[in-house]
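Below is work_31.cif, which holds mmCIF, C-alpha atoms and all ligand atoms; chains and numbers go by the auth columns.
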data_structure
#
loop_
_atom_site.group_PDB
_atom_site.id
_atom_site.type_symbol
_atom_site.label_atom_id
_atom_site.label_comp_id
_atom_site.label_asym_id
_atom_site.label_seq_id
_atom_site.Cartn_x
_atom_site.Cartn_y
_atom_site.Cartn_z
_atom_site.B_iso_or_equiv
_atom_site.auth_seq_id
_atom_site.auth_asym_id
ATOM 1 C CA MET A 1 -13.001 9.784 -6.634 0.00 31 A
ATOM 2 C CA TYR A 2 -9.911 11.999 -6.252 0.00 32 A
ATOM 3 C CA ILE A 3 -7.060 9.835 -5.010 0.00 33 A
ATOM 4 C CA GLY A 4 -3.567 10.894 -3.962 0.00 34 A
ATOM 5 C CA VAL A 5 -0.961 8.134 -4.128 0.00 35 A
ATOM 6 C CA LEU A 6 2.101 9.007 -2.066 0.00 36 A
ATOM 7 C CA GLY A 7 5.044 7.170 -3.572 0.00 37 A
ATOM 8 C CA THR A 8 6.460 6.553 -7.036 0.00 38 A
ATOM 9 C CA GLY A 9 7.936 3.120 -6.347 0.00 39 A
ATOM 10 C CA ASP A 10 6.546 -0.124 -7.742 0.00 40 A
ATOM 11 C CA VAL A 11 3.539 -0.068 -5.409 0.00 41 A
ATOM 12 C CA GLY A 12 2.600 3.574 -5.907 0.00 42 A
ATOM 13 C CA ARG A 13 2.923 3.400 -9.682 0.00 43 A
ATOM 14 C CA THR A 14 0.960 0.138 -9.895 0.00 44 A
ATOM 15 C CA LEU A 15 -1.936 1.236 -7.689 0.00 45 A
ATOM 16 C CA ALA A 16 -2.085 4.727 -9.174 0.00 46 A
ATOM 17 C CA ALA A 17 -2.192 3.405 -12.726 0.00 47 A
ATOM 18 C CA GLY A 18 -4.794 0.793 -11.778 0.00 48 A
ATOM 19 C CA LEU A 19 -7.023 3.317 -10.038 0.00 49 A
ATOM 20 C CA ALA A 20 -6.746 5.687 -13.005 0.00 50 A
ATOM 21 C CA THR A 21 -7.962 2.939 -15.358 0.00 51 A
ATOM 22 C CA ARG A 22 -11.021 2.550 -13.100 0.00 52 A
ATOM 23 C CA GLY A 23 -12.011 6.158 -13.704 0.00 53 A
ATOM 24 C CA HIS A 24 -10.555 7.726 -10.575 0.00 54 A
ATOM 25 C CA GLN A 25 -8.733 11.053 -10.739 0.00 55 A
ATOM 26 C CA VAL A 26 -5.220 10.200 -9.588 0.00 56 A
ATOM 27 C CA MET A 27 -2.253 12.302 -8.546 0.00 57 A
ATOM 28 C CA ILE A 28 0.954 10.499 -7.647 0.00 58 A
ATOM 29 C CA GLY A 29 3.089 12.218 -5.013 0.00 59 A
ATOM 30 C CA THR A 30 6.854 12.538 -5.144 0.00 60 A
ATOM 31 C CA ARG A 31 9.648 14.857 -4.010 0.00 61 A
ATOM 32 C CA ASP A 32 10.101 16.255 -7.516 0.00 62 A
ATOM 33 C CA PRO A 33 7.219 15.822 -9.983 0.00 63 A
ATOM 34 C CA THR A 34 9.245 17.370 -12.810 0.00 64 A
ATOM 35 C CA VAL A 35 11.808 14.564 -13.114 0.00 65 A
ATOM 36 C CA ALA A 36 11.684 12.635 -16.374 0.00 66 A
ATOM 37 C CA ARG A 37 10.800 9.220 -14.926 0.00 67 A
ATOM 38 C CA VAL A 38 7.747 10.673 -13.187 0.00 68 A
ATOM 39 C CA GLN A 39 6.588 12.583 -16.247 0.00 69 A
ATOM 40 C CA GLU A 40 7.086 9.448 -18.358 0.00 70 A
ATOM 41 C CA TRP A 41 4.954 7.496 -15.882 0.00 71 A
ATOM 42 C CA CYS A 42 2.146 10.044 -16.277 0.00 72 A
ATOM 43 C CA GLN A 43 2.278 9.603 -20.049 0.00 73 A
ATOM 44 C CA GLN A 44 2.242 5.822 -19.802 0.00 74 A
ATOM 45 C CA ALA A 45 -0.496 5.679 -17.169 0.00 75 A
ATOM 46 C CA GLY A 46 -2.775 7.925 -19.211 0.00 76 A
ATOM 47 C CA HIS A 47 -6.373 8.449 -18.031 0.00 77 A
ATOM 48 C CA GLY A 48 -5.466 11.925 -16.809 0.00 78 A
ATOM 49 C CA ALA A 49 -2.972 10.682 -14.220 0.00 79 A
ATOM 50 C CA GLN A 50 -0.942 13.557 -12.813 0.00 80 A
ATOM 51 C CA ALA A 51 2.081 14.005 -10.605 0.00 81 A
ATOM 52 C CA GLY A 52 2.595 16.499 -7.824 0.00 82 A
ATOM 53 C CA THR A 53 4.641 17.055 -4.724 0.00 83 A
ATOM 54 C CA PHE A 54 3.798 14.883 -1.737 0.00 84 A
ATOM 55 C CA ALA A 55 1.856 17.846 -0.311 0.00 85 A
ATOM 56 C CA ALA A 56 -0.005 18.472 -3.565 0.00 86 A
ATOM 57 C CA ALA A 57 -1.022 14.823 -3.901 0.00 87 A
ATOM 58 C CA ALA A 58 -2.085 14.607 -0.259 0.00 88 A
ATOM 59 C CA GLY A 59 -4.178 17.740 -0.657 0.00 89 A
ATOM 60 C CA PHE A 60 -5.633 16.531 -3.970 0.00 90 A
ATOM 61 C CA GLY A 61 -6.929 13.181 -2.746 0.00 91 A
ATOM 62 C CA GLU A 62 -10.242 12.573 -1.037 0.00 92 A
ATOM 63 C CA ALA A 63 -8.630 9.229 -0.258 0.00 93 A
ATOM 64 C CA LEU A 64 -4.890 8.600 -0.028 0.00 94 A
ATOM 65 C CA VAL A 65 -2.520 5.689 -0.542 0.00 95 A
ATOM 66 C CA LEU A 66 0.759 5.651 1.390 0.00 96 A
ATOM 67 C CA ALA A 67 3.365 3.664 -0.549 0.00 97 A
ATOM 68 C CA VAL A 68 6.893 4.454 0.572 0.00 98 A
ATOM 69 C CA GLY A 69 9.605 2.431 2.271 0.00 99 A
ATOM 70 C CA TRP A 70 9.559 2.296 6.035 0.00 100 A
ATOM 71 C CA PRO A 71 12.720 4.432 6.525 0.00 101 A
ATOM 72 C CA HIS A 72 10.994 7.320 4.707 0.00 102 A
ATOM 73 C CA VAL A 73 7.468 7.120 6.119 0.00 103 A
ATOM 74 C CA ASP A 74 7.865 9.894 8.698 0.00 104 A
ATOM 75 C CA GLN A 75 9.676 12.163 6.253 0.00 105 A
ATOM 76 C CA VAL A 76 6.999 11.687 3.590 0.00 106 A
ATOM 77 C CA ILE A 77 4.197 12.353 6.081 0.00 107 A
ATOM 78 C CA ALA A 78 5.953 15.576 7.063 0.00 108 A
ATOM 79 C CA LEU A 79 6.450 16.584 3.423 0.00 109 A
ATOM 80 C CA ALA A 80 2.812 15.749 2.658 0.00 110 A
ATOM 81 C CA GLN A 81 1.692 17.839 5.657 0.00 111 A
ATOM 82 C CA PRO A 82 -0.366 15.978 8.274 0.00 112 A
ATOM 83 C CA THR A 83 -3.297 18.403 7.957 0.00 113 A
ATOM 84 C CA ASN A 84 -3.817 17.106 4.410 0.00 114 A
ATOM 85 C CA PHE A 85 -4.677 13.671 5.833 0.00 115 A
ATOM 86 C CA ALA A 86 -7.396 14.804 8.241 0.00 116 A
ATOM 87 C CA ALA A 87 -10.624 12.779 8.021 0.00 117 A
ATOM 88 C CA LYS A 88 -9.403 10.963 4.900 0.00 118 A
ATOM 89 C CA THR A 89 -9.167 7.247 4.263 0.00 119 A
ATOM 90 C CA VAL A 90 -5.465 6.380 4.052 0.00 120 A
ATOM 91 C CA LEU A 91 -4.572 3.011 2.574 0.00 121 A
ATOM 92 C CA ASP A 92 -1.316 2.022 4.245 0.00 122 A
ATOM 93 C CA THR A 93 0.618 -0.405 2.041 0.00 123 A
ATOM 94 C CA THR A 94 3.835 -0.267 4.043 0.00 124 A
ATOM 95 C CA ASN A 95 5.817 -3.019 5.669 0.00 125 A
ATOM 96 C CA PRO A 96 8.335 -1.942 8.308 0.00 126 A
ATOM 97 C CA LEU A 97 11.342 -3.680 6.808 0.00 127 A
ATOM 98 C CA LEU A 98 14.875 -3.138 8.037 0.00 128 A
ATOM 99 C CA ALA A 99 17.387 -2.399 5.281 0.00 129 A
ATOM 100 C CA GLU A 100 18.072 -5.546 3.323 0.00 130 A
ATOM 101 C CA THR A 101 21.292 -7.492 3.561 0.00 131 A
ATOM 102 C CA PRO A 102 22.113 -8.743 0.062 0.00 132 A
ATOM 103 C CA GLY A 103 20.963 -12.339 -0.362 0.00 133 A
ATOM 104 C CA GLN A 104 19.078 -12.436 2.927 0.00 134 A
ATOM 105 C CA SER A 105 15.367 -12.040 3.442 0.00 135 A
ATOM 106 C CA PRO A 106 14.603 -8.732 5.208 0.00 136 A
ATOM 107 C CA VAL A 107 13.308 -8.619 8.766 0.00 137 A
ATOM 108 C CA LEU A 108 10.678 -6.501 10.472 0.00 138 A
ATOM 109 C CA ALA A 109 11.819 -3.424 12.358 0.00 139 A
ATOM 110 C CA VAL A 110 8.754 -3.448 14.630 0.00 140 A
ATOM 111 C CA GLY A 111 6.339 -6.141 15.689 0.00 141 A
ATOM 112 C CA HIS A 112 4.504 -8.036 18.424 0.00 142 A
ATOM 113 C CA THR A 113 3.587 -4.924 20.417 0.00 143 A
ATOM 114 C CA ASP A 114 3.481 -2.343 17.608 0.00 144 A
ATOM 115 C CA SER A 115 3.240 -2.099 13.829 0.00 145 A
ATOM 116 C CA ALA A 116 3.783 0.311 10.967 0.00 146 A
ATOM 117 C CA GLY A 117 0.019 0.648 10.678 0.00 147 A
ATOM 118 C CA GLU A 118 -0.289 1.797 14.289 0.00 148 A
ATOM 119 C CA HIS A 119 2.740 4.073 13.943 0.00 149 A
ATOM 120 C CA ILE A 120 1.133 5.786 10.942 0.00 150 A
ATOM 121 C CA GLN A 121 -2.250 6.081 12.679 0.00 151 A
ATOM 122 C CA ARG A 122 -0.506 7.683 15.690 0.00 152 A
ATOM 123 C CA ALA A 123 1.343 10.083 13.382 0.00 153 A
ATOM 124 C CA LEU A 124 -1.949 10.990 11.697 0.00 154 A
ATOM 125 C CA PRO A 125 -4.536 10.884 14.496 0.00 155 A
ATOM 126 C CA GLU A 126 -7.165 12.639 12.391 0.00 156 A
ATOM 127 C CA ALA A 127 -6.764 10.268 9.437 0.00 157 A
ATOM 128 C CA ARG A 128 -8.571 6.962 8.992 0.00 158 A
ATOM 129 C CA VAL A 129 -5.781 4.500 8.340 0.00 159 A
ATOM 130 C CA VAL A 130 -6.554 1.149 6.724 0.00 160 A
ATOM 131 C CA LYS A 131 -3.819 -1.414 6.235 0.00 161 A
ATOM 132 C CA ALA A 132 -4.150 -2.822 2.720 0.00 162 A
ATOM 133 C CA PHE A 133 -2.106 -4.327 -0.111 0.00 163 A
ATOM 134 C CA ASN A 134 0.881 -5.102 2.139 0.00 164 A
ATOM 135 C CA ILE A 135 0.580 -8.895 1.769 0.00 165 A
ATOM 136 C CA VAL A 136 1.071 -9.234 -1.979 0.00 166 A
ATOM 137 C CA GLY A 137 3.721 -8.231 -4.506 0.00 167 A
ATOM 138 C CA HIS A 138 3.063 -5.204 -6.652 0.00 168 A
ATOM 139 C CA ALA A 139 2.822 -7.308 -9.818 0.00 169 A
ATOM 140 C CA HIS A 140 -0.424 -8.826 -8.527 0.00 170 A
ATOM 141 C CA MET A 141 -2.014 -5.777 -6.901 0.00 171 A
ATOM 142 C CA VAL A 142 -4.270 -5.049 -9.882 0.00 172 A
ATOM 143 C CA ASP A 143 -6.488 -7.739 -11.409 0.00 173 A
ATOM 144 C CA PRO A 144 -4.817 -10.621 -9.551 0.00 174 A
ATOM 145 C CA SER A 145 -5.324 -13.837 -11.469 0.00 175 A
ATOM 146 C CA PHE A 146 -4.021 -17.289 -10.531 0.00 176 A
ATOM 147 C CA PRO A 147 -4.884 -20.781 -11.794 0.00 177 A
ATOM 148 C CA ASP A 148 -6.646 -21.521 -8.480 0.00 178 A
ATOM 149 C CA GLY A 149 -8.682 -18.317 -8.579 0.00 179 A
ATOM 150 C CA ARG A 150 -8.373 -14.859 -7.155 0.00 180 A
ATOM 151 C CA PRO A 151 -6.413 -14.387 -3.922 0.00 181 A
ATOM 152 C CA ASP A 152 -7.803 -12.551 -0.887 0.00 182 A
ATOM 153 C CA MET A 153 -6.876 -9.145 0.489 0.00 183 A
ATOM 154 C CA PHE A 154 -6.888 -8.710 4.254 0.00 184 A
ATOM 155 C CA ILE A 155 -7.370 -5.272 5.763 0.00 185 A
ATOM 156 C CA CYS A 156 -7.570 -3.702 9.204 0.00 186 A
ATOM 157 C CA GLY A 157 -8.315 -0.262 10.570 0.00 187 A
ATOM 158 C CA ASP A 158 -10.205 1.516 13.318 0.00 188 A
ATOM 159 C CA ASP A 159 -12.766 3.341 11.147 0.00 189 A
ATOM 160 C CA ALA A 160 -15.616 1.331 9.628 0.00 190 A
ATOM 161 C CA ASP A 161 -16.433 3.901 6.941 0.00 191 A
ATOM 162 C CA ALA A 162 -12.804 4.031 5.850 0.00 192 A
ATOM 163 C CA LYS A 163 -12.735 0.254 5.558 0.00 193 A
ATOM 164 C CA THR A 164 -15.814 0.458 3.346 0.00 194 A
ATOM 165 C CA VAL A 165 -14.019 2.948 1.086 0.00 195 A
ATOM 166 C CA ALA A 166 -10.911 0.755 1.071 0.00 196 A
ATOM 167 C CA SER A 167 -12.944 -2.342 0.222 0.00 197 A
ATOM 168 C CA LEU A 168 -14.633 -0.592 -2.688 0.00 198 A
ATOM 169 C CA LEU A 169 -11.255 0.455 -4.090 0.00 199 A
ATOM 170 C CA ILE A 170 -9.832 -3.036 -3.568 0.00 200 A
ATOM 171 C CA GLU A 171 -12.806 -4.617 -5.366 0.00 201 A
ATOM 172 C CA ALA A 172 -12.525 -2.067 -8.170 0.00 202 A
ATOM 173 C CA LEU A 173 -8.954 -3.293 -8.669 0.00 203 A
ATOM 174 C CA GLY A 174 -10.202 -6.816 -9.265 0.00 204 A
ATOM 175 C CA TRP A 175 -10.136 -8.403 -5.823 0.00 205 A
ATOM 176 C CA PRO A 176 -12.920 -10.255 -3.999 0.00 206 A
ATOM 177 C CA PRO A 177 -14.470 -8.370 -1.055 0.00 207 A
ATOM 178 C CA ALA A 178 -11.673 -7.636 1.413 0.00 208 A
ATOM 179 C CA ILE A 179 -11.434 -9.652 4.630 0.00 209 A
ATOM 180 C CA ASP A 180 -11.622 -7.304 7.614 0.00 210 A
ATOM 181 C CA LEU A 181 -9.457 -8.416 10.549 0.00 211 A
ATOM 182 C CA GLY A 182 -10.536 -5.631 12.899 0.00 212 A
ATOM 183 C CA GLY A 183 -8.749 -2.567 14.266 0.00 213 A
ATOM 184 C CA ILE A 184 -5.442 -1.124 13.119 0.00 214 A
ATOM 185 C CA GLN A 185 -3.718 -3.118 15.893 0.00 215 A
ATOM 186 C CA MET A 186 -4.220 -6.169 13.653 0.00 216 A
ATOM 187 C CA ALA A 187 -1.453 -4.721 11.466 0.00 217 A
ATOM 188 C CA ARG A 188 0.753 -6.524 13.997 0.00 218 A
ATOM 189 C CA TYR A 189 -0.352 -9.712 12.226 0.00 219 A
ATOM 190 C CA LEU A 190 -0.695 -8.455 8.652 0.00 220 A
ATOM 191 C CA GLU A 191 2.883 -7.185 8.560 0.00 221 A
ATOM 192 C CA PRO A 192 4.382 -10.548 9.645 0.00 222 A
ATOM 193 C CA MET A 193 2.040 -12.116 7.067 0.00 223 A
ATOM 194 C CA ALA A 194 3.900 -10.105 4.463 0.00 224 A
ATOM 195 C CA MET A 195 7.096 -11.715 5.756 0.00 225 A
ATOM 196 C CA VAL A 196 5.646 -15.107 4.834 0.00 226 A
ATOM 197 C CA TRP A 197 5.072 -13.776 1.306 0.00 227 A
ATOM 198 C CA ILE A 198 8.612 -12.297 1.202 0.00 228 A
ATOM 199 C CA THR A 199 10.254 -15.449 2.617 0.00 229 A
ATOM 200 C CA HIS A 200 8.545 -17.550 -0.052 0.00 230 A
ATOM 201 C CA LEU A 201 9.789 -15.045 -2.638 0.00 231 A
ATOM 202 C CA TYR A 202 13.376 -15.523 -1.487 0.00 232 A
ATOM 203 C CA ARG A 203 13.057 -19.315 -1.413 0.00 233 A
ATOM 204 C CA ASN A 204 11.401 -19.679 -4.813 0.00 234 A
ATOM 205 C CA GLY A 205 13.406 -17.833 -7.381 0.00 235 A
ATOM 206 C CA PHE A 206 12.073 -14.313 -6.808 0.00 236 A
ATOM 207 C CA ASN A 207 9.263 -14.689 -9.337 0.00 237 A
ATOM 208 C CA GLY A 208 6.650 -13.262 -6.945 0.00 238 A
ATOM 209 C CA ASN A 209 3.829 -15.302 -8.464 0.00 239 A
ATOM 210 C CA HIS A 210 2.150 -16.238 -5.220 0.00 240 A
ATOM 211 C CA ALA A 211 -0.584 -14.788 -3.019 0.00 241 A
ATOM 212 C CA PHE A 212 -2.804 -15.729 -0.084 0.00 242 A
ATOM 213 C CA LYS A 213 -6.281 -17.266 -0.219 0.00 243 A
ATOM 214 C CA LEU A 214 -8.534 -17.986 2.769 0.00 244 A
ATOM 215 C CA LEU A 215 -10.311 -21.291 2.179 0.00 245 A
ATOM 216 C CA ARG A 216 -13.698 -21.749 3.783 0.00 246 A
ATOM 217 C CA LYS A 217 -16.325 -24.470 4.066 0.00 247 A
HETATM 218 N N1 LIG B . 7.274 -3.690 -3.724 0.00 301 B
HETATM 219 C C1 LIG B . 6.285 -4.517 -3.426 0.00 301 B
HETATM 220 O O1 LIG B . 5.932 -5.408 -4.212 0.00 301 B
HETATM 221 C C2 LIG B . 5.554 -4.329 -2.119 0.00 301 B
HETATM 222 C C3 LIG B . 4.474 -5.156 -1.820 0.00 301 B
HETATM 223 C C4 LIG B . 3.742 -4.931 -0.645 0.00 301 B
HETATM 224 C C5 LIG B . 4.107 -3.893 0.202 0.00 301 B
HETATM 225 N N2 LIG B . 5.184 -3.127 -0.101 0.00 301 B
HETATM 226 C C6 LIG B . 5.513 -2.005 0.778 0.00 301 B
HETATM 227 O O2 LIG B . 4.978 -0.864 0.128 0.00 301 B
HETATM 228 C C7 LIG B . 5.801 0.280 0.389 0.00 301 B
HETATM 229 C C8 LIG B . 6.203 0.884 -0.931 0.00 301 B
HETATM 230 O O3 LIG B . 7.071 0.002 -1.600 0.00 301 B
HETATM 231 P P1 LIG B . 7.766 0.419 -2.987 0.00 301 B
HETATM 232 O O4 LIG B . 8.732 -0.660 -3.289 0.00 301 B
HETATM 233 O O5 LIG B . 6.747 0.788 -3.983 0.00 301 B
HETATM 234 O O6 LIG B . 8.427 1.814 -2.587 0.00 301 B
HETATM 235 P P2 LIG B . 9.928 2.341 -2.574 0.00 301 B
HETATM 236 O O7 LIG B . 10.496 2.180 -3.944 0.00 301 B
HETATM 237 O O8 LIG B . 10.656 1.756 -1.425 0.00 301 B
HETATM 238 O O9 LIG B . 9.659 3.870 -2.241 0.00 301 B
HETATM 239 C C9 LIG B . 9.504 4.804 -3.245 0.00 301 B
HETATM 240 C C10 LIG B . 9.156 6.148 -2.654 0.00 301 B
HETATM 241 O O10 LIG B . 10.022 6.457 -1.557 0.00 301 B
HETATM 242 C C11 LIG B . 10.366 7.824 -1.658 0.00 301 B
HETATM 243 N N3 LIG B . 11.658 8.109 -1.023 0.00 301 B
HETATM 244 C C12 LIG B . 12.839 7.469 -1.234 0.00 301 B
HETATM 245 N N4 LIG B . 13.798 8.051 -0.480 0.00 301 B
HETATM 246 C C13 LIG B . 13.216 9.070 0.185 0.00 301 B
HETATM 247 C C14 LIG B . 13.696 10.053 1.101 0.00 301 B
HETATM 248 N N5 LIG B . 14.973 10.087 1.503 0.00 301 B
HETATM 249 N N6 LIG B . 12.803 10.947 1.584 0.00 301 B
HETATM 250 C C15 LIG B . 11.511 10.938 1.193 0.00 301 B
HETATM 251 N N7 LIG B . 11.009 10.014 0.313 0.00 301 B
HETATM 252 C C16 LIG B . 11.861 9.113 -0.174 0.00 301 B
HETATM 253 C C17 LIG B . 10.482 8.060 -3.138 0.00 301 B
HETATM 254 O O11 LIG B . 10.302 9.428 -3.375 0.00 301 B
HETATM 255 P P3 LIG B . 10.512 10.049 -4.843 0.00 301 B
HETATM 256 O O12 LIG B . 9.220 9.754 -5.562 0.00 301 B
HETATM 257 O O13 LIG B . 10.706 11.475 -4.581 0.00 301 B
HETATM 258 O O14 LIG B . 11.687 9.371 -5.457 0.00 301 B
HETATM 259 C C18 LIG B . 9.336 7.231 -3.689 0.00 301 B
HETATM 260 O O15 LIG B . 8.159 7.972 -3.821 0.00 301 B
HETATM 261 C C19 LIG B . 6.958 -0.207 1.244 0.00 301 B
HETATM 262 O O16 LIG B . 6.699 0.071 2.603 0.00 301 B
HETATM 263 C C20 LIG B . 6.987 -1.718 0.995 0.00 301 B
HETATM 264 O O17 LIG B . 7.491 -2.433 2.110 0.00 301 B
HETATM 265 C C21 LIG B . 5.916 -3.316 -1.236 0.00 301 B
#

Take the structure in the file and give it back as structure tokens.
Amino acid sequence: MYIGVLGTGDVGRTLAAGLATRGHQVMIGTRDPTVARVQEWCQQAGHGAQAGTFAAAAGFGEALVLAVGWPHVDQVIALAQPTNFAAKTVLDTTNPLLAETPGQSPVLAVGHTDSAGEHIQRALPEARVVKAFNIVGHAHMVDPSFPDGRPDMFICGDDADAKTVASLLIEALGWPPAIDLGGIQMARYLEPMAMVWITHLYRNGFNGNHAFKLLRK
């Protein structure tokens, strides 16, 4: 599958490299694909991974991953050109975090009655937005492995077909079948769930070696 990953931060680089190793054609999107750190990433990722502008990557992908900080989401969507998202599955990894105060755990900028997932779906009404990967640190987004087994990935979105695509990509990256919480409005719960992960990070030495598992009987 052709996949455009919008964002060259830890999340974008991790997911793009992981998807490339699974045989997908990947283009990572950035403001300037010629800068050295982006070109070096392409070399390291291998498997034909390319870099392009946000618009080029959004046009390239049959499915897209949105992986930029909350303050830049609207700007990146504009740079990527909303028409490039039409009818495509868009994995939304974002958490709407306010700027961090040094030493203090960040807080959500929106919640209870709205979410980043809903904001992005409203900004891209023709896209099929699926919240995914927002509840785990980037270091465990590909082939997550813990002594107690594999963690679970929770997703939500309004389009059933898009959630099928998202689940296939999530499983290809080494996760169990994703747990579907329902429509994109459920991002109101998945984004605070990320705050539980982040709070534990701040209280436990910033090692990030934790993830969520739904136990059943
Ligand atoms: N880090 C994690 O472990 C983790 C885990 C779960 C969810 N998340 C969420 O995933 C998202 C991505 O996180 P991240 O840490 O990988 O990303 P990040 O480092 O915050 O964002 C990197 C991207 O933001 C773009 N950017 C920065 N300033 C910009 C500006 N002024 N205008 C347009 N674009 C700008 C950069 O563009 P250039 O490429 O041009 O520099 C880059 O592609 C966030 O919403 C975060 O909350 C993060």

Please find the residues contacting ligand LIG 301 (chain B) at a distance of at most 8 Å between atoms, with all atoms listed in the file counted, and report them as an mmCIF file with C-alpha atoms, in the coordinates of the input.
data_model
loop_
_atom_site.group_PDB
_atom_site.id
_atom_site.type_symbol
_atom_site.label_atom_id
_atom_site.label_comp_id
_atom_site.auth_asym_id
_atom_site.auth_seq_id
_atom_site.Cartn_x
_atom_site.Cartn_y
_atom_site.Cartn_z
ATOM 1 C CA LEU A 36 2.101 9.007 -2.066
ATOM 2 C CA GLY A 37 5.044 7.170 -3.572
ATOM 3 C CA THR A 38 6.460 6.553 -7.036
ATOM 4 C CA GLY A 39 7.936 3.120 -6.347
ATOM 5 C CA ASP A 40 6.546 -0.124 -7.742
ATOM 6 C CA VAL A 41 3.539 -0.068 -5.409
ATOM 7 C CA GLY A 42 2.600 3.574 -5.907
ATOM 8 C CA ARG A 43 2.923 3.400 -9.682
ATOM 9 C CA GLY A 59 3.089 12.218 -5.013
ATOM 10 C CA THR A 60 6.854 12.538 -5.144
ATOM 11 C CA ARG A 61 9.648 14.857 -4.010
ATOM 12 C CA ASP A 62 10.101 16.255 -7.516
ATOM 13 C CA PRO A 63 7.219 15.822 -9.983
ATOM 14 C CA VAL A 68 7.747 10.673 -13.187
ATOM 15 C CA LEU A 96 0.759 5.651 1.390
ATOM 16 C CA ALA A 97 3.365 3.664 -0.549
ATOM 17 C CA VAL A 98 6.893 4.454 0.572
ATOM 18 C CA GLY A 99 9.605 2.431 2.271
ATOM 19 C CA TRP A 100 9.559 2.296 6.035
ATOM 20 C CA PRO A 101 12.720 4.432 6.525
ATOM 21 C CA HIS A 102 10.994 7.320 4.707
ATOM 22 C CA VAL A 103 7.468 7.120 6.119
ATOM 23 C CA GLN A 105 9.676 12.163 6.253
ATOM 24 C CA VAL A 106 6.999 11.687 3.590
ATOM 25 C CA LEU A 109 6.450 16.584 3.423
ATOM 26 C CA THR A 123 0.618 -0.405 2.041
ATOM 27 C CA THR A 124 3.835 -0.267 4.043
ATOM 28 C CA ASN A 125 5.817 -3.019 5.669
ATOM 29 C CA PRO A 126 8.335 -1.942 8.308
ATOM 30 C CA LEU A 127 11.342 -3.680 6.808
ATOM 31 C CA PHE A 163 -2.106 -4.327 -0.111
ATOM 32 C CA ASN A 164 0.881 -5.102 2.139
ATOM 33 C CA ILE A 165 0.580 -8.895 1.769
ATOM 34 C CA VAL A 166 1.071 -9.234 -1.979
ATOM 35 C CA GLY A 167 3.721 -8.231 -4.506
ATOM 36 C CA HIS A 168 3.063 -5.204 -6.652
ATOM 37 C CA ALA A 169 2.822 -7.308 -9.818
ATOM 38 C CA ALA A 224 3.900 -10.105 4.463
#

For the atom pair atom CA of Lys118 of chain A and atom CA of Met31 of chain A, what is the interatomic distance in Å to one decimal place? 12.1 Å

What is the distance between atom CA of Leu121 of chain A and atom CA of Asp104 of chain A, in Å to one decimal?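 Result for atom CA of Leu121 of chain A versus atom CA of Asp104 of chain A: 15.5 Å, one decimal.
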
Nearby residues (only C-alpha atoms) at most 8 Å from His77 of chain A, same-chain spacing under 5 positions excluded, as a PyMOL selection string: chain A and resi 50-51+53

Quick one: of A:His240, A:Gly235, A:Val159, A:Val195, who's nearest to Asp182 of chain A, counting only C-alpha atoms? A:His240

Could you list, as a list in words, every residue within 9 Å of segment 171-179 of chain A, counting all atoms listed in the file and ignoring same-chain residues fewer than 4 positions away?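 These residues fall inside the cut-off: Val41, Thr44, Leu45, Gly48, Leu49, Phe163, Val166, Gly167, Ile200, Ala202, Leu203, Gly204, Trp205, Asn239, His240, Ala241 and Lys243 of chain A.
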
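Separating atom CA of Pro181 of chain A from atom CA of Met225 of chain A is a distance of 16.8 Å.
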
Which one of A:Gln134, A:Ser197, A:Gln111, A:Gln215 sits closest to Gly147 of chain A if you count all atoms listed in the file? A:Gln215

If the PyMOL selection byres (((chain A and resi 92) around 10) and not hetatm) were run on this exact file, what residues would it hold? Put them as a PyMOL selection string. chain A and resi 31-34+55+87-91+93-94+114-120

Suppose a student applies the PyMOL selection byres (((chain A and resi 161) around 6) and not hetatm) to this structure; what residues should they get, written as a ChimeraX atom specification? /A:121-122,160,162,185-186

Could you check the closest approach to Glu148 of chain A for each of A:Cys72, A:Ala66, A:Ile214, A:Val35 and tell me which residue wins, using all atoms listed in the file?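 Closest to Glu148 of chain A of all the choices is A:Ile214.
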
May I ask which of the residues A:Ala46, A:Ala192, A:Met183, A:Ala153 is the closest one to Met223 of chain A, counting only C-alpha atoms?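 Of all the options, A:Met183 lies closest to Met223 of chain A.
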